[in-house]
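K.L.:
Dropping in my_file.json, with JSON, C-alpha atoms.
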```json
[["chain", "number", "residue", "atom", "x", "y", "z"],
["N", 185, "MET", "CA", 1.95, -17.27, 39.26],
["N", 186, "THR", "CA", 4.64, -18.16, 36.73],
["N", 187, "ALA", "CA", 4.81, -15.60, 33.90],
["N", 188, "VAL", "CA", 3.12, -16.64, 30.66],
["N", 189, "ARG", "CA", 5.94, -17.40, 28.21],
["N", 190, "THR", "CA", 4.78, -15.69, 25.02],
["N", 191, "VAL", "CA", 5.89, -15.34, 21.41],
["N", 192, "PHE", "CA", 4.61, -12.11, 19.85],
["N", 193, "LEU", "CA", 3.76, -11.90, 16.14],
["N", 194, "GLY", "CA", 3.18, -8.43, 14.70],
["N", 195, "THR", "CA", 4.62, -5.88, 12.29],
["N", 196, "PRO", "CA", 3.35, -2.24, 12.04],
["N", 197, "ASP", "CA", 3.03, 0.63, 14.54],
["N", 198, "PHE", "CA", -0.28, -0.75, 15.83],
["N", 199, "ALA", "CA", 1.48, -3.98, 16.83],
["N", 200, "ALA", "CA", 4.52, -2.14, 18.24],
["N", 201, "THR", "CA", 2.31, -0.15, 20.62],
["N", 202, "ILE", "CA", 0.70, -3.38, 21.83],
["N", 203, "LEU", "CA", 4.10, -5.07, 22.23],
["N", 204, "GLU", "CA", 5.41, -2.14, 24.28],
["N", 205, "ARG", "CA", 2.46, -2.45, 26.70],
["N", 206, "LEU", "CA", 2.92, -6.22, 26.83],
["N", 207, "LEU", "CA", 6.59, -5.84, 27.76],
["N", 208, "ALA", "CA", 5.64, -3.55, 30.65],
["N", 209, "ALA", "CA", 2.95, -5.87, 31.97],
["N", 210, "GLU", "CA", 3.36, -8.19, 34.93],
["N", 211, "GLY", "CA", 2.72, -11.88, 34.45],
["N", 212, "VAL", "CA", 3.92, -12.06, 30.82],
["N", 213, "ASP", "CA", 7.38, -12.97, 29.51],
["N", 214, "VAL", "CA", 7.93, -12.15, 25.82],
["N", 215, "ALA", "CA", 10.46, -14.78, 24.77],
["N", 216, "ALA", "CA", 10.70, -13.89, 21.06],
["N", 217, "VAL", "CA", 9.14, -11.87, 18.27],
["N", 218, "PHE", "CA", 8.12, -12.86, 14.76],
["N", 219, "THR", "CA", 7.69, -10.00, 12.29],
["N", 220, "GLN", "CA", 7.70, -9.35, 8.54],
["N", 221, "PRO", "CA", 11.01, -9.03, 6.64],
["N", 222, "ASP", "CA", 12.53, -5.58, 6.13],
["N", 223, "ARG", "CA", 10.95, -3.81, 3.13],
["N", 224, "SER", "CA", 12.30, -1.13, 0.81],
["N", 225, "GLY", "CA", 10.44, 2.19, 0.77],
["N", 226, "GLY", "CA", 10.53, 5.88, 1.60],
["N", 227, "ARG", "CA", 13.02, 8.33, 0.16],
["N", 228, "GLY", "CA", 15.81, 6.60, -1.70],
["N", 229, "ASN", "CA", 13.94, 3.29, -1.55],
["N", 230, "LYS", "CA", 15.93, 2.31, 1.52],
["N", 231, "LEU", "CA", 15.44, -0.93, 3.40],
["N", 232, "LEU", "CA", 13.10, -0.21, 6.33],
["N", 233, "GLU", "CA", 12.78, -2.25, 9.50],
["N", 234, "PRO", "CA", 9.27, -3.00, 10.82],
["N", 235, "PRO", "CA", 8.38, -1.02, 13.97],
["N", 236, "VAL", "CA", 8.02, -4.25, 15.94],
["N", 237, "LYS", "CA", 11.53, -5.31, 15.00],
["N", 238, "LYS", "CA", 12.99, -1.97, 16.11],
["N", 239, "LEU", "CA", 11.29, -2.18, 19.49],
["N", 240, "ALA", "CA", 12.25, -5.81, 20.07],
["N", 241, "ALA", "CA", 15.89, -5.13, 19.14],
["N", 242, "GLU", "CA", 16.01, -2.19, 21.58],
["N", 243, "ARG", "CA", 14.75, -4.48, 24.35],
["N", 244, "GLY", "CA", 17.12, -7.35, 23.49],
["N", 245, "ILE", "CA", 14.35, -9.74, 22.41],
["N", 246, "PRO", "CA", 15.20, -12.35, 19.73],
["N", 247, "VAL", "CA", 13.62, -11.45, 16.37],
["N", 248, "TYR", "CA", 12.61, -13.84, 13.58],
["N", 249, "GLN", "CA", 11.68, -12.49, 10.11],
["N", 250, "PRO", "CA", 10.67, -15.39, 7.88],
["N", 251, "LYS", "CA", 9.35, -14.52, 4.42],
["N", 252, "LYS", "CA", 6.91, -17.37, 4.89],
["N", 253, "LEU", "CA", 5.84, -19.32, 7.94],
["N", 254, "ASP", "CA", 7.12, -22.66, 6.68],
["N", 255, "HIS", "CA", 8.21, -25.88, 8.39],
["N", 256, "ARG", "CA", 11.53, -24.33, 9.46],
["N", 257, "SER", "CA", 9.72, -21.42, 11.12],
["N", 258, "LEU", "CA", 7.45, -23.87, 12.91],
["N", 259, "GLU", "CA", 10.43, -25.77, 14.27],
["N", 260, "GLU", "CA", 12.01, -22.50, 15.44],
["N", 261, "LEU", "CA", 8.79, -21.60, 17.20],
["N", 262, "ARG", "CA", 8.53, -25.00, 18.87],
["N", 263, "GLY", "CA", 12.14, -24.63, 20.01],
["N", 264, "ILE", "CA", 11.19, -21.49, 21.93],
["N", 265, "ALA", "CA", 8.47, -23.51, 23.72],
["N", 266, "PRO", "CA", 5.97, -20.72, 24.37],
["N", 267, "ASP", "CA", 2.90, -21.07, 26.54],
["N", 268, "ALA", "CA", 0.94, -18.80, 24.18],
["N", 269, "LEU", "CA", 1.19, -16.87, 20.94],
["N", 270, "ALA", "CA", 0.08, -13.23, 20.87],
["N", 271, "VAL", "CA", -0.79, -11.88, 17.42],
["N", 272, "ALA", "CA", -1.48, -8.29, 16.32],
["N", 273, "ALA", "CA", -1.42, -7.18, 12.67],
["N", 274, "TYR", "CA", 1.25, -9.71, 11.76],
["N", 275, "GLY", "CA", 0.58, -9.79, 8.01],
["N", 276, "GLN", "CA", 0.73, -13.53, 7.35],
["N", 277, "ILE", "CA", -1.84, -16.27, 7.77],
["N", 278, "LEU", "CA", -0.99, -18.75, 10.49],
["N", 279, "SER", "CA", -1.51, -22.40, 9.62],
["N", 280, "GLU", "CA", -3.32, -24.74, 11.98],
["N", 281, "ALA", "CA", 0.05, -26.18, 13.01],
["N", 282, "PHE", "CA", 1.20, -22.74, 14.14],
["N", 283, "LEU", "CA", -2.04, -22.08, 15.97],
["N", 284, "ARG", "CA", -1.50, -25.31, 17.93],
["N", 285, "ALA", "CA", 2.21, -24.74, 18.63],
["N", 286, "ALA", "CA", 1.54, -23.32, 22.11],
["N", 287, "PRO", "CA", -0.55, -25.03, 24.84],
["N", 288, "LEU", "CA", -2.75, -21.97, 25.46],
["N", 289, "GLY", "CA", -3.19, -21.34, 21.74],
["N", 290, "ALA", "CA", -2.85, -18.13, 19.71],
["N", 291, "VAL", "CA", -4.54, -14.94, 20.94],
["N", 292, "ASN", "CA", -5.28, -12.26, 18.35],
["N", 293, "VAL", "CA", -5.90, -8.57, 19.09],
["N", 294, "HIS", "CA", -8.48, -7.18, 16.65],
["N", 295, "ALA", "CA", -9.54, -3.54, 16.35],
["N", 296, "SER", "CA", -13.31, -4.01, 16.40],
["N", 297, "LEU", "CA", -16.07, -5.50, 18.50],
["N", 298, "LEU", "CA", -16.27, -8.86, 16.77],
["N", 299, "PRO", "CA", -18.11, -10.31, 14.98],
["N", 300, "ARG", "CA", -18.52, -6.83, 13.46],
["N", 301, "TYR", "CA", -15.82, -5.74, 11.01],
["N", 302, "ARG", "CA", -13.77, -8.84, 10.49],
["N", 303, "GLY", "CA", -10.89, -8.26, 8.10],
["N", 304, "ALA", "CA", -7.99, -5.93, 7.32],
["N", 305, "ALA", "CA", -9.53, -2.46, 7.77],
["N", 306, "PRO", "CA", -11.93, -2.44, 10.74],
["N", 307, "ILE", "CA", -11.05, 1.10, 11.85],
["N", 308, "GLN", "CA", -11.63, 2.61, 8.41],
["N", 309, "TRP", "CA", -14.94, 0.82, 7.86],
["N", 310, "ALA", "CA", -16.29, 1.75, 11.28],
["N", 311, "LEU", "CA", -15.68, 5.41, 10.42],
["N", 312, "LEU", "CA", -16.99, 5.05, 6.88],
["N", 313, "ASN", "CA", -20.25, 3.68, 8.22],
["N", 314, "GLY", "CA", -20.60, 6.39, 10.84],
["N", 315, "GLU", "CA", -20.42, 4.02, 13.80],
["N", 316, "ARG", "CA", -20.65, 5.58, 17.27],
["N", 317, "VAL", "CA", -18.86, 2.74, 19.09],
["N", 318, "THR", "CA", -15.95, 0.46, 18.27],
["N", 319, "GLY", "CA", -13.46, -1.37, 20.46],
["N", 320, "ILE", "CA", -10.89, -4.11, 20.90],
["N", 321, "THR", "CA", -11.44, -7.85, 20.89],
["N", 322, "THR", "CA", -9.05, -10.56, 22.00],
["N", 323, "MET", "CA", -9.96, -13.87, 20.44],
["N", 324, "LEU", "CA", -8.65, -17.40, 20.26],
["N", 325, "MET", "CA", -7.44, -17.82, 16.69],
["N", 326, "GLU", "CA", -8.63, -20.50, 14.29],
["N", 327, "PRO", "CA", -7.98, -20.95, 10.54],
["N", 328, "GLY", "CA", -10.90, -18.68, 9.45],
["N", 329, "MET", "CA", -10.60, -14.90, 8.99],
["N", 330, "ASP", "CA", -11.24, -13.42, 12.46],
["N", 331, "THR", "CA", -13.81, -16.11, 13.20],
["N", 332, "GLY", "CA", -12.35, -17.53, 16.42],
["N", 333, "PRO", "CA", -14.16, -17.47, 19.76],
["N", 334, "ILE", "CA", -14.09, -14.22, 21.73],
["N", 335, "LEU", "CA", -12.03, -14.05, 24.92],
["N", 336, "GLN", "CA", -12.46, -10.43, 26.06],
["N", 337, "GLN", "CA", -13.74, -7.14, 24.65],
["N", 338, "ARG", "CA", -13.46, -3.47, 25.54],
["N", 339, "ALA", "CA", -15.57, -0.73, 23.92],
["N", 340, "LEU", "CA", -14.53, 2.75, 22.78],
["N", 341, "ALA", "CA", -16.85, 5.61, 21.83],
["N", 342, "ILE", "CA", -16.26, 7.27, 18.43],
["N", 343, "GLY", "CA", -16.65, 11.05, 18.29],
["N", 344, "VAL", "CA", -18.02, 12.75, 15.18],
["N", 345, "ASP", "CA", -14.61, 14.31, 14.51],
["N", 346, "ASP", "CA", -12.44, 11.28, 15.28],
["N", 347, "ILE", "CA", -10.13, 10.30, 12.42],
["N", 348, "ALA", "CA", -8.51, 7.00, 11.50],
["N", 349, "GLY", "CA", -5.14, 8.10, 12.83],
["N", 350, "SER", "CA", -6.29, 9.03, 16.33],
["N", 351, "LEU", "CA", -8.66, 6.07, 16.59],
["N", 352, "HIS", "CA", -5.82, 3.75, 15.50],
["N", 353, "ASP", "CA", -3.62, 5.03, 18.34],
["N", 354, "GLU", "CA", -6.35, 4.79, 20.98],
["N", 355, "LEU", "CA", -7.27, 1.25, 19.98],
["N", 356, "ALA", "CA", -3.62, 0.16, 19.93],
["N", 357, "GLU", "CA", -3.16, 1.38, 23.51],
["N", 358, "MET", "CA", -6.40, -0.29, 24.53],
["N", 359, "GLY", "CA", -5.29, -3.53, 22.90],
["N", 360, "GLY", "CA", -1.95, -3.31, 24.68],
["N", 361, "ASP", "CA", -3.77, -3.09, 28.01],
["N", 362, "LEU", "CA", -6.24, -5.88, 27.27],
["N", 363, "LEU", "CA", -3.81, -8.45, 25.82],
["N", 364, "PRO", "CA", -1.76, -9.17, 28.98],
["N", 365, "GLU", "CA", -4.99, -9.29, 30.96],
["N", 366, "THR", "CA", -6.29, -11.93, 28.55],
["N", 367, "LEU", "CA", -3.09, -13.98, 28.60],
["N", 368, "THR", "CA", -2.87, -14.13, 32.39],
["N", 369, "ALA", "CA", -6.57, -14.91, 32.75],
["N", 370, "MET", "CA", -6.20, -17.77, 30.24],
["N", 371, "ALA", "CA", -3.21, -19.17, 32.12],
["N", 372, "GLN", "CA", -5.27, -19.14, 35.34],
["N", 373, "GLY", "CA", -8.20, -20.84, 33.62],
["N", 374, "ASN", "CA", -10.47, -17.86, 34.23],
["N", 375, "LEU", "CA", -11.72, -17.32, 30.65],
["N", 376, "VAL", "CA", -14.38, -19.20, 28.75],
["N", 377, "PRO", "CA", -14.14, -18.55, 24.97],
["N", 378, "ILE", "CA", -17.48, -17.42, 23.51],
["N", 379, "PRO", "CA", -18.26, -18.47, 19.90],
["N", 380, "GLN", "CA", -19.02, -15.63, 17.50],
["N", 381, "ASP", "CA", -22.52, -15.29, 16.09],
["N", 382, "PRO", "CA", -22.07, -15.51, 12.30],
["N", 383, "GLU", "CA", -25.43, -13.82, 11.69],
["N", 384, "ARG", "CA", -24.09, -10.64, 13.30],
["N", 385, "SER", "CA", -20.83, -10.63, 11.36],
["N", 386, "SER", "CA", -19.67, -8.05, 8.83],
["N", 387, "TYR", "CA", -16.44, -7.66, 6.89],
["N", 388, "ALA", "CA", -13.94, -4.83, 6.55],
["N", 389, "PRO", "CA", -11.77, -5.56, 3.51],
["N", 390, "LYS", "CA", -8.76, -3.42, 2.61],
["N", 391, "LEU", "CA", -9.86, -0.25, 0.79],
["N", 392, "ASP", "CA", -8.73, 0.18, -2.81],
["N", 393, "LYS", "CA", -7.57, 3.40, -4.49],
["N", 394, "SER", "CA", -11.05, 4.25, -5.75],
["N", 395, "ALA", "CA", -12.22, 4.76, -2.15],
["N", 396, "ARG", "CA", -10.00, 7.84, -1.87],
["N", 397, "ARG", "CA", -11.93, 9.95, -4.38],
["N", 398, "ILE", "CA", -14.61, 12.21, -2.91],
["N", 399, "ASP", "CA", -18.00, 12.15, -4.64],
["N", 400, "TRP", "CA", -19.76, 15.43, -3.88],
["N", 401, "ASN", "CA", -23.08, 13.88, -4.93],
["N", 402, "LYS", "CA", -23.06, 12.08, -1.57],
["N", 403, "THR", "CA", -24.49, 13.63, 1.58],
["N", 404, "ALA", "CA", -22.25, 15.88, 3.68],
["N", 405, "TRP", "CA", -22.07, 13.32, 6.49],
["N", 406, "GLU", "CA", -21.19, 10.50, 4.09],
["N", 407, "ILE", "CA", -18.39, 12.67, 2.73],
["N", 408, "HIS", "CA", -17.22, 13.62, 6.22],
["N", 409, "ASN", "CA", -17.11, 9.98, 7.27],
["N", 410, "ARG", "CA", -15.10, 9.02, 4.18],
["N", 411, "ILE", "CA", -12.56, 11.81, 4.64],
["N", 412, "ARG", "CA", -11.92, 11.03, 8.31],
["N", 413, "ALA", "CA", -11.80, 7.27, 7.62],
["N", 414, "LEU", "CA", -8.86, 7.87, 5.27],
["N", 415, "HIS", "CA", -7.03, 10.55, 7.24],
["N", 416, "PRO", "CA", -4.12, 10.92, 7.47],
["N", 417, "VAL", "CA", -3.18, 7.84, 5.42],
["N", 418, "PRO", "CA", -3.80, 7.24, 2.55],
["N", 419, "GLY", "CA", -5.88, 10.43, 2.43],
["N", 420, "SER", "CA", -8.78, 11.46, 0.20],
["N", 421, "HIS", "CA", -8.91, 13.78, -2.78],
["N", 422, "CYS", "CA", -11.12, 15.46, -5.36],
["N", 423, "THR", "CA", -10.67, 17.54, -8.50],
["N", 424, "LEU", "CA", -11.44, 21.27, -8.48],
["N", 425, "ARG", "CA", -11.44, 23.67, -11.42],
["N", 426, "THR", "CA", -9.03, 26.56, -10.86],
["N", 427, "SER", "CA", -9.45, 30.19, -11.89],
["N", 428, "SER", "CA", -7.31, 29.47, -14.97],
["N", 429, "GLY", "CA", -9.74, 26.75, -16.07],
["N", 430, "ARG", "CA", -7.51, 23.75, -15.44],
["N", 431, "GLU", "CA", -8.50, 20.83, -13.25],
["N", 432, "LEU", "CA", -6.43, 20.41, -10.11],
["N", 433, "ARG", "CA", -6.26, 17.33, -7.94],
["N", 434, "VAL", "CA", -6.59, 18.40, -4.31],
["N", 435, "GLY", "CA", -6.04, 16.49, -1.09],
["N", 436, "ILE", "CA", -8.91, 16.99, 1.35],
["N", 437, "TYR", "CA", -8.50, 17.27, 5.11],
["N", 438, "PRO", "CA", -11.40, 16.63, 7.52],
["N", 439, "GLY", "CA", -13.86, 19.51, 7.71],
["N", 440, "THR", "CA", -17.36, 20.12, 9.03],
["N", 441, "PRO", "CA", -20.82, 19.43, 7.57],
["N", 442, "GLY", "CA", -22.90, 22.62, 7.53],
["N", 443, "GLU", "CA", -26.35, 23.93, 6.70],
["N", 444, "GLU", "CA", -28.67, 22.78, 3.92],
["N", 445, "VAL", "CA", -27.25, 23.58, 0.53],
["N", 446, "GLY", "CA", -30.07, 25.37, -1.28],
["N", 447, "LYS", "CA", -29.89, 25.53, -5.09],
["N", 448, "ALA", "CA", -26.15, 24.90, -5.57],
["N", 449, "HIS", "CA", -24.94, 21.88, -7.53],
["N", 450, "PRO", "CA", -22.92, 19.15, -5.77],
["N", 451, "GLY", "CA", -19.23, 19.96, -6.03],
["N", 452, "GLU", "CA", -19.81, 23.67, -6.57],
["N", 453, "VAL", "CA", -17.41, 25.93, -4.64],
["N", 454, "LEU", "CA", -19.47, 28.55, -2.83],
["N", 455, "GLY", "CA", -16.57, 30.67, -1.57],
["N", 456, "LEU", "CA", -15.20, 31.35, 1.91],
["N", 457, "ASP", "CA", -17.30, 31.63, 5.05],
["N", 458, "GLY", "CA", -16.76, 34.12, 7.87],
["N", 459, "GLN", "CA", -14.14, 31.84, 9.48],
["N", 460, "GLY", "CA", -12.10, 31.53, 6.30],
["N", 461, "ARG", "CA", -13.27, 28.00, 5.50],
["N", 462, "LEU", "CA", -13.87, 26.88, 1.91],
["N", 463, "VAL", "CA", -17.53, 25.99, 1.38],
["N", 464, "ILE", "CA", -18.42, 23.23, -1.11],
["N", 465, "ALA", "CA", -21.93, 21.99, -1.92],
["N", 466, "CYS", "CA", -22.84, 18.34, -1.33],
["N", 467, "SER", "CA", -26.14, 16.67, -2.27],
["N", 468, "ASP", "CA", -27.92, 17.91, 0.86],
["N", 469, "ARG", "CA", -25.70, 20.30, 2.80],
["N", 470, "VAL", "CA", -22.51, 22.29, 2.46],
["N", 471, "TYR", "CA", -19.15, 21.01, 3.63],
["N", 472, "ARG", "CA", -16.69, 23.45, 5.19],
["N", 473, "LEU", "CA", -12.94, 22.86, 4.77],
["N", 474, "SER", "CA", -10.13, 24.52, 6.72],
["N", 475, "THR", "CA", -7.18, 22.80, 5.01],
["N", 476, "LEU", "CA", -6.53, 21.59, 1.45],
["N", 477, "GLN", "CA", -3.42, 20.27, -0.26],
["N", 478, "PRO", "CA", -2.76, 20.87, -3.98],
["N", 479, "ALA", "CA", -1.21, 17.93, -5.82],
["N", 480, "SER", "CA", 2.56, 17.86, -5.24],
["N", 481, "GLY", "CA", 2.24, 20.82, -2.88],
["N", 482, "LYS", "CA", 2.11, 21.55, 0.83],
["N", 483, "PRO", "CA", -1.09, 21.79, 2.90],
["N", 484, "LEU", "CA", -2.66, 25.26, 2.69],
["N", 485, "SER", "CA", -5.26, 27.05, 4.73],
["N", 486, "ALA", "CA", -8.59, 27.30, 2.91],
["N", 487, "ARG", "CA", -8.11, 31.06, 2.54],
["N", 488, "ASP", "CA", -4.64, 30.69, 0.98],
["N", 489, "PHE", "CA", -5.88, 27.94, -1.32],
["N", 490, "TYR", "CA", -8.88, 30.01, -2.39],
["N", 491, "ASN", "CA", -6.80, 33.11, -3.10],
["N", 492, "GLY", "CA", -4.06, 31.17, -4.85],
["N", 493, "TYR", "CA", -6.12, 28.85, -7.04],
["N", 494, "LEU", "CA", -9.76, 29.84, -7.23],
["N", 495, "VAL", "CA", -9.81, 33.65, -7.43]]
```
Can the structure in the file be given as structure tokens, please?
P.N.:
Amino acid sequence: MTAVRTVFLGTPDFAATILERLLAAEGVDVAAVFTQPDRSGGRGNKLLEPPVKKLAAERGIPVYQPKKLDHRSLEELRGIAPDALAVAAYGQILSEAFLRAAPLGAVNVHASLLPRYRGAAPIQWALLNGERVTGITTMLMEPGMDTGPILQQRALAIGVDDIAGSLHDELAEMGGDLLPETLTAMAQGNLVPIPQDPERSSYAPKLDKSARRIDWNKTAWEIHNRIRALHPVPGSHCTLRTSSGRELRVGIYPGTPGEEVGKAHPGEVLGLDGQGRLVIACSDRVYRLSTLQPASGKPLSARDFYNGYLV
């Protein structure tokens, strides 16, 4: 079979992992890459290249970085004459003209089992809601937000201690394995797109800054799910009163829900347990923390934090 001539559209690490797997796959020829323009950031506000651009440049693949997918970009894409478009976390909305620029259409890799968790933050919302299973979906793109018909899906179990960072990496690798399989099956005419059931859909919008603050009035498992959904980036935090009486903003690392709380008030620090973990009361149970990070400081063990700030 002739290799599927593909243009890849993606930007962050998630997309770079998928692109790397796609480049190693048989039956797919990545002819070009579209990614977001370089952005300033980091120390010194330097201009940073997207991970997808770095990988493509290392492999000698032509890179296009339009600020907007306009008529000129469309003509450039048509000039490449791809059989299919492969899209993963690109960061721009593709117009209907772009979606129709390749005979096989545009295939999107989405980090959920659609129609659940359409939108920008499916990994975070799956963890926030305490889901036990997530997965990867390849779908045929249409103008709506993640509403296109499903091509293939692969499920992944979520452990109670999984965090957004590790789940992100696992799903990216899974997506990188499933995408070439989808593209070659499409080219052979072996896939029948299945329309999504809108009654089963849910949305996963980008989380705002308010989502980072821990509310100790919630249950211990709700708090645990929030912390791991935001770890390591952007992270979660709370405010604790130090031994000097001042309020200190503290970054919270994933811990462990414990036994029923008794008479303590939510947010009350109950001291260290036998394993050196900081124990904080929630609405129903205690939550045990091994690592905390004072504002503008380095991560500390719970024992060092307790001795340095709370005693």
K.L.:
Counting only C-alpha atoms, what is within 8 Å of N:Gly211, bar same-chain residues fewer than 6 positions away, as a list in words?
P.N.:
Met185, Thr186, Ala187, Val188, Pro364 and Thr368 of chain N
K.L.:
Within 9 Å of (-15.0, -15.5, 13.9) (file coordinates; only C-alpha atoms), which protein or nucleic acid residues are there? I'd like them as an NGL selection string.
P.N.:
:N and (298-299 or 302 or 323 or 325-326 or 328-334 or 379-382 or 385)
K.L.:
Given all atoms listed in the file as the basis, pick out the residue of N:Arg425, N:His294, N:Arg472, N:Arg316 nearest to N:Ala388.
P.N.:
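Ranked by minimum distance to N:Ala388, first place goes to N:His294.
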K.L.:
If we count only C-alpha atoms, what is near N:Leu462 at a cut-off of 7 Å, once residues fewer than 4 positions away on the same chain are taken out, given as an MDAnalysis selection string?
P.N.:
chainID N and resid 455:457 472:474 486
K.L.:
Which residues come within 8 Å of N:Glu452, counting only C-alpha atoms, excluding same-chain residues fewer than 4 positions away, as JSON, numbers by chain?
P.N.:
{"N": [448, 464, 465]}
K.L.:
I need the residues from that last selection saved to file as a PDB file, in the coordinates of the input (with C-alpha atoms), if you can.
P.N.:
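Saved the output as selection22.pdb:
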```
ATOM      1  CA  ALA N 448     -26.150  24.900  -5.570  1.00  0.00           C
ATOM      2  CA  ILE N 464     -18.420  23.230  -1.110  1.00  0.00           C
ATOM      3  CA  ALA N 465     -21.930  21.990  -1.920  1.00  0.00           C
TER       4      ALA N 465
END
```
K.L.:
Do you know which residues lie at most 8 Å from (-13.4, 11.5, 6.0), with coordinates as in the file and all atoms listed in the file counted, and could you write them as an NGL selection string?
P.N.:
:N and (311-312 or 347 or 407-415 or 420 or 437-438)
K.L.:
Take the residues from that selection and put them in a file with C-alpha atoms, as a PDB file, in the frame of the given file.
P.N.:
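Output file selection.pdb follows:
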```
ATOM      1  CA  LEU N 311     -15.680   5.410  10.420  1.00  0.00           C
ATOM      2  CA  LEU N 312     -16.990   5.050   6.880  1.00  0.00           C
ATOM      3  CA  ILE N 347     -10.130  10.300  12.420  1.00  0.00           C
ATOM      4  CA  ILE N 407     -18.390  12.670   2.730  1.00  0.00           C
ATOM      5  CA  HIS N 408     -17.220  13.620   6.220  1.00  0.00           C
ATOM      6  CA  ASN N 409     -17.110   9.980   7.270  1.00  0.00           C
ATOM      7  CA  ARG N 410     -15.100   9.020   4.180  1.00  0.00           C
ATOM      8  CA  ILE N 411     -12.560  11.810   4.640  1.00  0.00           C
ATOM      9  CA  ARG N 412     -11.920  11.030   8.310  1.00  0.00           C
ATOM     10  CA  ALA N 413     -11.800   7.270   7.620  1.00  0.00           C
ATOM     11  CA  LEU N 414      -8.860   7.870   5.270  1.00  0.00           C
ATOM     12  CA  HIS N 415      -7.030  10.550   7.240  1.00  0.00           C
ATOM     13  CA  SER N 420      -8.780  11.460   0.200  1.00  0.00           C
ATOM     14  CA  TYR N 437      -8.500  17.270   5.110  1.00  0.00           C
ATOM     15  CA  PRO N 438     -11.400  16.630   7.520  1.00  0.00           C
TER      16      PRO N 438
END
```
K.L.:
Would you please work out which residue, of N:Tyr471, N:Tyr274, N:Tyr387, N:Phe489, is nearest to N:Gln308 when using all atoms listed in the file?
P.N.:
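The answer is N:Tyr387, which sits nearest to N:Gln308.
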K.L.:
Using all atoms listed in the file for the distances, tell me which of N:Val344, N:Ala215, N:Ile202, N:Ala395 is nearest to N:Ile320.
P.N.:
N:Ile202
K.L.:
Of the residues N:His421, N:Lys402, N:Lys230, N:His352, which is the one nearest to N:Val434, using all atoms listed in the file?
P.N.:
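Residue with the minimum atom-to-atom distance to N:Val434: N:His421.
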K.L.:
Compile the contact shell of N:Arg338 as a list of chain:residue names: residues with an atom at most 9 Å away, counting all atoms listed in the file, same-chain residues fewer than 5 positions apart removed.
P.N.:
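Residues near the query, excluding close chain neighbours: N:Leu297, N:Thr318, N:Gly319, N:Ile320, N:Thr321, N:Met358, N:Gly359, N:Leu362.
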K.L.:
Just to confirm, what's the straight-line distance from atom CA of N:Ala479 to atom CA of N:Asn401 in Å (one decimal)?
P.N.:
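Value for the atom CA of N:Ala479-atom CA of N:Asn401 distance: 22.3 Å.
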K.L.:
Skip N:Arg205 itself and residues of its chain fewer than 5 positions away, then list as a PyMOL selection string all residues within 9 Å of it, counting all atoms listed in the file.
P.N.:
chain N and resi 200+357+359-361+363-364
K.L.:
What is the distance between atom CA of N:Gly492 and atom CA of N:Ile436, in Å to one decimal?
P.N.:
16.2 Å
K.L.:
May I ask which of the residues N:Thr219, N:Lys447, N:Asp488, N:Arg461 is the closest one to N:Leu253, counting all atoms listed in the file?
P.N.:
N:Thr219
K.L.:
Please compute the atom CA of N:Lys251-atom CA of N:Pro266 distance, one decimal, in Å.
P.N.:
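About the pair atom CA of N:Lys251 and atom CA of N:Pro266: they are 21.2 Å apart.
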K.L.:
Check the smallest atom-to-atom distance from each of N:Thr475, N:Ser428, N:Gln220, N:Ser296 to N:Ala356 using only C-alpha atoms, then report the winner.
P.N.:
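Ranking N:Thr475, N:Ser428, N:Gln220, N:Ser296 by distance to N:Ala356, first place goes to N:Ser296.
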